[in-house]
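Asks: I have a structure I would like to understand better, so I am pasting it below and will then ask my questions one at a time.
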Amino acid sequence: MIRNIPEFEALRQRAESCQDCALAGTRTNVVFGVGSLEARLMFVGEAPGKNEDLQGEPFVGAAGRLLTELLGEIGMTREAVYIANVLKCRPPGNRDPRPEEIDACKGYLREQIRMIHPRVVMTLGNFATKLLLRTETGITRLRGRAHQWWLGAMLVPTFHPAAALRGGPRVAEQMREDFALVRHLLDEPPAPSVSGAAPEEEPAGVEARQDAELDPTEQMELFRTS
Ligand code: URA
């Protein structure tokens, strides 16, 4: 759901000239995101790698090919979804993102999610999952179910595709289960209070939360700029 494309383009342009952290000095390209602005499903990965930095597009390497394959298995294409990362610029040597880089960058992700307003956000890997769910709980415990999140969206954590490439068939099998869950959520008719909700309204419960850490109102705090 996007009502104002110029607003989204302005955000992209701002990101593309961003100098708010040291990664501006080492990047080749800003990797803002790709896909449909009307996507009902949005992926959030960690940060661009070498190929992504060179091409300016997220998930174009081996991990990206697996992502495209898993999407195809639930009858979807890359063009129908939106794909972004927590960080828009590559950390040198693919090191972990640093807190100051996340702080500098998270406003872009927040605005991407707010404007696209997907029905389901799928986080890829520990990094994006812990950040968006504000938890220290690891991906192995969080995956396999949908978490009620922000703006009425459901958040479905899964492994990073790179972990499946390293970890073998069991990890890939669990990712397939998570993708099937996403398909199921997208196929369900939206709850009336979700479908009619303005983005700022409190999300309606689609599934009862099990985990006291995962308070949707706290998710909004994540993106609050100080
Ligand atoms: N890994 C990520 O987290 N994001 C990319 O875009 C590529 C690899």
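Ordering of the structure tokens sets the chain letters (A, B, ...), residue numbers begin anew at 1 in every chain, and ligands are numbered from 1 in the order given.
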Any chance you could list, as a ChimeraX atom specification, the residues in region 28-170 of chain A that come up helix (DSSP H, G or I) when DSSP is run on the backbone?

Replies: /A:50-55,62-73,78-80,92-94,99-116,126-133,139-142,161-167,169-170

Asks: Can I get the residues close to ligand 1 as JSON, numbers by chain, where close means within 10 Å and we count only C-alpha atoms and all ligand atoms?

Replies: {"A": [31, 32, 33, 43, 44, 45, 46, 47, 48, 49, 50, 51, 52, 53, 56, 57, 58, 59, 60, 61, 62, 63, 64, 83, 84, 85, 86, 87, 88, 89, 90, 94, 123, 124, 125, 127, 128, 160, 161, 162]}

Asks: So that I can see what lies close to Val182 (chain A), please list as an MDAnalysis selection string the residues with an atom at most 9 Å from it, counting only C-alpha atoms and leaving out residues fewer than 3 positions away in the same chain.

Replies: chainID A and resid 41 74 120:122 146 156 177:179 185:187

Asks: Out of A:Pro6, A:Pro169, A:Pro189, A:Gly35, which residue has the shortest atom-to-atom distance to Val81 (chain A) when counting only C-alpha atoms?

Replies: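 Among A:Pro6, A:Pro169, A:Pro189, A:Gly35, it is A:Gly35 that comes nearest to Val81 (chain A).
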
Asks: Pick out the residues sitting within 7 Å of region 66-71 of chain A, and hand them over as JSON, numbers by chain; count only C-alpha atoms, and ignore anything fewer than 6 positions along from it in its own chain.

Replies: {"A": [77, 78, 161, 176]}

Asks: Restricting it to C-alpha atoms, dump the selection as an mmCIF file, in the first residue's frame.

Replies:
data_model
loop_
_atom_site.group_PDB
_atom_site.id
_atom_site.type_symbol
_atom_site.label_atom_id
_atom_site.label_comp_id
_atom_site.auth_asym_id
_atom_site.auth_seq_id
_atom_site.Cartn_x
_atom_site.Cartn_y
_atom_site.Cartn_z
ATOM 1 C CA THR A 77 8.292 -13.536 -7.739
ATOM 2 C CA ARG A 78 10.874 -10.987 -6.619
ATOM 3 C CA PRO A 161 19.465 -17.776 3.172
ATOM 4 C CA ARG A 176 10.363 -23.778 3.486
#

Asks: Between A:Met175, A:His117, A:Leu181, A:Lys130, which is the closest to Leu151 (chain A) once you count only C-alpha atoms?

Replies: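 So, comparing all the options, the nearest one is A:His117.
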
Asks: What does the distance from CA of Glu38 (chain A) to CA of Gly75 (chain A) come to in Å, to one decimal?

Replies: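 Atom-to-atom, CA of Glu38 (chain A) and CA of Gly75 (chain A) are spaced 17.0 Å apart.
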
Asks: Enter the distance from CA of Phe159 (chain A) to CA of Gln174 (chain A), in Å, rounded to one decimal.

Replies: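 Answer for the CA of Phe159 (chain A) to CA of Gln174 (chain A) separation: 8.2 Å.
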
Asks: What gap, in Å, lies between CA of Ile116 (chain A) and CA of Leu37 (chain A)?

Replies: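 Between these atoms lies a distance of 5.5 Å.
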
Asks: Nearest residue to Glu100 (chain A) out of A:Pro118, A:Ala39, A:Glu188, A:Cys21, using only C-alpha atoms?

Replies: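 Ranking A:Pro118, A:Ala39, A:Glu188, A:Cys21 by distance to Glu100 (chain A), first place goes to A:Cys21.
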